[in-house]
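Below: input24.txt (compact mmCIF, C-alpha atoms and all ligand atoms)
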# COMPACT_ATOMS: atom_id res chain seq x y z
CA MET A 20 -168.43 -55.04 70.88
CA ALA A 21 -165.87 -57.49 72.13
CA THR A 22 -164.18 -54.73 74.08
CA THR A 23 -167.48 -53.73 75.64
CA THR A 24 -168.27 -57.30 76.58
CA ARG A 25 -164.89 -57.78 78.17
CA ALA A 26 -165.19 -54.52 80.04
CA PHE A 27 -168.54 -55.67 81.40
CA ILE A 28 -167.11 -58.98 82.47
CA ALA A 29 -164.16 -57.25 84.09
CA LEU A 30 -166.54 -55.02 85.99
CA THR A 31 -168.63 -57.99 87.04
CA LEU A 32 -165.60 -59.87 88.30
CA SER A 33 -164.41 -56.78 90.14
CA ILE A 34 -167.75 -56.49 91.90
CA TRP A 35 -167.46 -60.13 92.93
CA ALA A 36 -164.01 -59.49 94.22
CA LEU A 37 -165.37 -56.72 96.43
CA ALA A 38 -168.37 -58.76 97.53
CA ASP A 39 -166.50 -61.99 98.11
CA ARG A 40 -165.67 -62.73 101.72
CA PRO A 41 -164.30 -65.99 103.10
CA MET A 42 -166.80 -67.67 105.38
CA GLY A 43 -165.99 -69.90 108.29
CA ALA A 44 -162.34 -69.07 108.00
CA ARG A 45 -161.71 -66.35 110.53
CA ASP A 46 -158.25 -67.60 111.37
CA ASN A 47 -157.31 -67.64 107.73
CA ALA A 48 -159.08 -64.48 106.70
CA ARG A 49 -155.89 -63.07 105.29
CA LEU A 50 -155.21 -66.06 103.05
CA ARG A 51 -156.03 -65.16 99.52
CA ILE A 52 -155.14 -65.98 95.98
CA VAL A 53 -155.41 -63.78 92.92
CA LEU A 54 -156.61 -65.47 89.74
CA ASN A 55 -155.64 -63.67 86.54
CA LEU A 56 -158.19 -64.74 83.97
CA GLU A 57 -157.49 -64.78 80.25
CA ASP A 58 -160.47 -65.94 78.19
CA PHE A 59 -159.25 -66.90 74.72
CA ALA A 60 -162.48 -68.84 74.14
CA SER A 61 -164.57 -65.63 74.29
CA LEU A 62 -167.13 -67.10 76.66
CA VAL A 63 -170.40 -65.39 77.46
CA SER A 64 -170.63 -63.76 80.86
CA PRO A 65 -173.16 -66.19 82.43
CA THR A 66 -170.76 -69.06 81.85
CA LEU A 67 -167.87 -67.14 83.36
CA ASN A 68 -170.06 -65.97 86.23
CA ASP A 69 -171.09 -69.52 87.08
CA ALA A 70 -167.49 -70.73 86.81
CA ALA A 71 -166.18 -67.94 89.03
CA THR A 72 -168.86 -68.66 91.63
CA GLU A 73 -168.00 -72.37 91.65
CA VAL A 74 -164.28 -71.70 92.07
CA ARG A 75 -165.01 -69.22 94.84
CA GLN A 76 -167.16 -71.76 96.70
CA VAL A 77 -164.47 -74.44 96.51
CA PHE A 78 -161.76 -72.16 97.88
CA THR A 79 -163.97 -70.43 100.45
CA HIS A 80 -164.66 -73.83 102.01
CA ALA A 81 -160.91 -74.30 102.20
CA GLY A 82 -160.57 -70.96 103.99
CA ILE A 83 -159.07 -69.08 101.06
CA HIS A 84 -160.34 -65.83 99.62
CA VAL A 85 -160.36 -65.73 95.81
CA VAL A 86 -159.87 -62.48 93.95
CA TRP A 87 -160.56 -62.57 90.23
CA VAL A 88 -158.75 -60.15 87.96
CA TYR A 89 -159.53 -60.04 84.25
CA GLY A 90 -156.46 -60.01 82.08
CA THR A 91 -152.90 -61.18 82.31
CA ARG A 92 -150.41 -59.82 84.76
CA ARG A 93 -147.77 -57.59 83.23
CA ALA A 94 -144.43 -59.34 83.05
CA ASN A 95 -142.74 -56.35 84.66
CA ALA A 96 -145.40 -55.81 87.34
CA PRO A 97 -143.83 -55.43 90.78
CA SER A 98 -144.55 -58.22 93.22
CA ASP A 99 -147.60 -57.33 95.31
CA GLY A 100 -146.94 -60.00 97.92
CA GLN A 101 -150.02 -61.98 96.80
CA PRO A 102 -149.96 -65.42 95.20
CA HIS A 103 -151.13 -65.17 91.60
CA VAL A 104 -152.25 -68.00 89.35
CA SER A 105 -152.85 -67.41 85.67
CA VAL A 106 -156.08 -69.03 84.44
CA GLN A 107 -156.10 -69.36 80.67
CA ILE A 108 -159.26 -70.61 78.99
CA LEU A 109 -157.97 -71.73 75.63
CA SER A 110 -159.65 -71.38 72.26
CA HIS A 111 -160.33 -74.43 70.11
CA ASP A 112 -157.22 -73.80 67.99
CA MET A 113 -155.02 -73.30 71.05
CA VAL A 114 -156.24 -76.58 72.52
CA GLU A 115 -155.50 -78.39 69.28
CA ARG A 116 -151.99 -76.96 69.05
CA LYS A 117 -151.21 -77.66 72.70
CA SER A 118 -152.59 -81.20 72.53
CA VAL A 119 -150.57 -82.09 69.45
CA GLY A 120 -147.42 -80.33 70.65
CA GLU A 121 -147.47 -81.86 74.13
CA GLY A 122 -149.14 -85.18 73.34
CA ILE A 123 -152.13 -84.49 75.58
CA PRO A 124 -154.91 -87.13 75.36
CA SER A 125 -158.33 -86.03 74.19
CA ARG A 126 -159.95 -86.88 77.54
CA VAL A 127 -157.90 -84.22 79.39
CA LEU A 128 -159.93 -81.13 80.27
CA GLY A 129 -157.13 -78.93 81.56
CA THR A 130 -153.50 -78.82 82.58
CA ALA A 131 -151.49 -77.15 85.32
CA ALA A 132 -147.96 -75.80 85.07
CA ARG A 133 -146.86 -75.54 88.71
CA GLU A 134 -143.50 -73.98 87.93
CA ILE A 135 -145.05 -70.95 86.22
CA CYS A 136 -148.29 -70.85 88.25
CA ARG A 137 -150.56 -71.24 85.25
CA VAL A 138 -153.52 -73.45 84.44
CA SER A 139 -154.80 -74.07 80.91
CA ILE A 140 -158.44 -74.96 80.50
CA PHE A 141 -159.84 -76.79 77.47
CA TYR A 142 -163.33 -75.33 77.36
CA ASP A 143 -164.40 -76.99 74.09
CA ARG A 144 -163.98 -80.39 75.72
CA ILE A 145 -165.90 -79.34 78.81
CA ALA A 146 -168.74 -77.99 76.68
CA ALA A 147 -168.85 -81.24 74.70
CA LEU A 148 -169.34 -83.38 77.81
CA GLU A 149 -172.68 -85.02 78.14
CA ASN A 150 -173.92 -83.32 81.26
CA PRO A 151 -176.01 -85.62 83.45
CA VAL A 152 -176.67 -82.89 85.99
CA SER A 153 -178.77 -80.71 83.78
CA GLU A 154 -180.69 -79.47 86.78
CA GLY A 155 -178.36 -77.02 88.36
CA ALA A 156 -174.92 -77.70 86.99
CA GLY A 157 -174.41 -76.10 83.61
CA ARG A 158 -171.30 -75.64 81.59
CA GLY A 159 -170.09 -72.78 83.74
CA VAL A 160 -170.30 -74.91 86.87
CA LEU A 161 -168.34 -77.71 85.22
CA LEU A 162 -165.85 -75.16 83.93
CA GLY A 163 -165.41 -73.85 87.46
CA ARG A 164 -164.78 -77.34 88.81
CA VAL A 165 -162.08 -77.97 86.22
CA ILE A 166 -160.46 -74.60 87.01
CA ALA A 167 -160.51 -75.31 90.75
CA HIS A 168 -159.06 -78.79 90.17
CA GLU A 169 -156.18 -77.46 88.08
CA ILE A 170 -155.43 -74.66 90.56
CA GLY A 171 -155.30 -77.41 93.16
CA HIS A 172 -152.48 -78.97 91.16
CA VAL A 173 -150.59 -75.67 91.32
CA LEU A 174 -151.04 -75.28 95.09
CA LEU A 175 -150.66 -78.92 96.18
CA PRO A 176 -147.63 -81.21 95.85
CA PRO A 177 -147.24 -83.28 92.66
CA GLU A 178 -149.40 -86.39 92.34
CA SER A 179 -152.15 -84.83 94.42
CA HIS A 180 -155.17 -86.69 93.12
CA SER A 181 -157.52 -88.15 95.70
CA ASP A 182 -160.39 -90.62 95.68
CA ALA A 183 -162.95 -88.00 96.59
CA GLY A 184 -163.65 -84.32 96.23
CA ILE A 185 -162.41 -81.77 93.75
CA MET A 186 -159.05 -83.51 93.26
CA ARG A 187 -160.47 -86.77 91.91
CA GLY A 188 -158.32 -87.88 89.01
CA THR A 189 -161.40 -88.81 87.00
CA PHE A 190 -163.71 -85.88 86.59
CA ASN A 191 -167.05 -86.65 88.18
CA LEU A 192 -170.01 -84.95 86.54
CA ARG A 193 -172.62 -86.27 88.89
CA PRO A 194 -172.31 -84.48 92.22
CA GLN A 195 -174.93 -81.78 92.49
CA ILE A 196 -173.18 -80.45 95.53
CA VAL A 197 -169.86 -78.74 95.03
CA PRO A 198 -166.92 -81.18 95.22
CA LEU A 199 -164.40 -79.74 97.66
CA PHE A 200 -160.80 -80.15 98.73
CA THR A 201 -160.45 -82.75 101.46
CA GLU A 202 -159.61 -81.30 104.87
CA GLU A 203 -156.08 -82.57 104.50
CA GLN A 204 -155.71 -80.92 101.09
CA ALA A 205 -157.23 -77.70 102.40
CA GLU A 206 -154.80 -77.69 105.31
CA THR A 207 -151.88 -78.25 102.96
CA ILE A 208 -152.98 -75.36 100.74
CA ARG A 209 -153.50 -73.05 103.73
CA SER A 210 -150.10 -73.83 105.19
CA THR A 211 -148.47 -73.44 101.79
CA LEU A 212 -150.07 -70.04 101.28
CA SER A 213 -149.23 -69.04 104.85
CA GLU A 214 -145.60 -69.50 103.98
CA ARG A 215 -144.17 -67.93 100.92
CA HIS A 216 -145.67 -69.67 97.95
CA PRO A 217 -143.62 -69.65 94.73
CA CYS A 218 -146.55 -68.01 92.92
CA VAL A 219 -145.85 -64.88 94.97
CA GLY A 220 -142.41 -64.62 93.53
CA PRO A 221 -139.35 -63.37 95.35
CA PRO A 222 -139.08 -59.64 96.07
CA GLY A 223 -138.08 -57.77 92.97
CA ARG A 224 -138.75 -60.73 90.72
CA TYR A 225 -140.87 -58.66 88.42
CA SER A 226 -138.82 -55.52 88.57
CA ASN A 227 -135.96 -54.61 86.33
ZN ZN B 301 -155.79 -83.70 87.95
Starting from the coordinates I provided, produce the structure as structure tokens.
Amino acid sequence: MATTTRAFIALTLSIWALADRPMGARDNARLRIVLNLEDFASLVSPTLNDAATEVRQVFTHAGIHVVWVYGTRRANAPSDGQPHVSVQILSHDMVERKSVGEGIPSRVLGTAAREICRVSIFYDRIAALENPVSEGAGRGVLLGRVIAHEIGHVLLPPESHSDAGIMRGTFNLRPQIVPLFTEEQAETIRSTLSERHPCVGPPGRYSN
């Protein structure tokens, strides 16, 4: 059953990947990022669908095309020239172990490891938030905002919190419109991806 569910989700995400097109970003139409999703929390597909849509909206407004791929990237996979970020949605036990091992406060909803291009998402904590935007923004939407925020930490320089938008240091539950990267942040991400981002890896990095 689990295999079937995951296969369905993978298919759904693949369809999105085909249907997704960056809007209002003609000059940056070739900028894209591949998100390798690993769902250790075994989420239901509507939650993942909503999260994927939210992430896509945030990055589309920044002129970046998001491609979702279900499952981790093989360690020996050859470099495909695309920037990849691993998105791991952790189970309750994984969150507990990581929090204790790394001294992560209970208010933290996710972490980003820039050097290995990976974000870790603490879904249990997101689901436990009292959601004041019950009309419209469900758990999947909030999950997507946390994912987008943490990917922002991978793509932007360190200490990249801002007073507004998706990179606010304090997660804001209230906006019923999608919080976005500021224009300056979006420009930084676009220029970073236009160059050779470390998440692409050097040629041959993944080969023997
Ligand atoms: Zn942050």
Note to self: To check your reading of the model: which residues sit at most 7 Å from ligand ZN 301 (chain B) when counting all atoms listed in the file? Write the answer as a list in words.
What the structure shows: His168, Glu169, His172, His180, Met186, Arg187 and Gly188 of chain A
Note to self: Please compute the atom CA of Arg51 of chain A-atom CA of Ile166 of chain A distance, one decimal, in Å.
What the structure shows: 16.3 Å
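Neighbourhood of point (-161.4, -85.3, 77.4): residues with an atom at most 12 Å away, counting all atoms listed in the file, are Val114, Ser118, Ile123, Pro124, Ser125, Arg126, Val127, Leu128, Gly129, Thr130, Ile140, Phe141, Tyr142, Asp143, Arg144, Ile145, Ala146, Ala147, Leu148, Glu149, Val165, Thr189 and Phe190 of chain A.
Closest to Ala60 of chain A among A:Val86, A:Leu109, A:Gln101, A:Ile208 is A:Leu109, based on all atoms listed in the file.
Restricting the calculation to only C-alpha atoms, the smallest distance between Ile135 of chain A and any of A:Pro65, A:Ala167, A:Val173, A:Gly120 is found for A:Val173.
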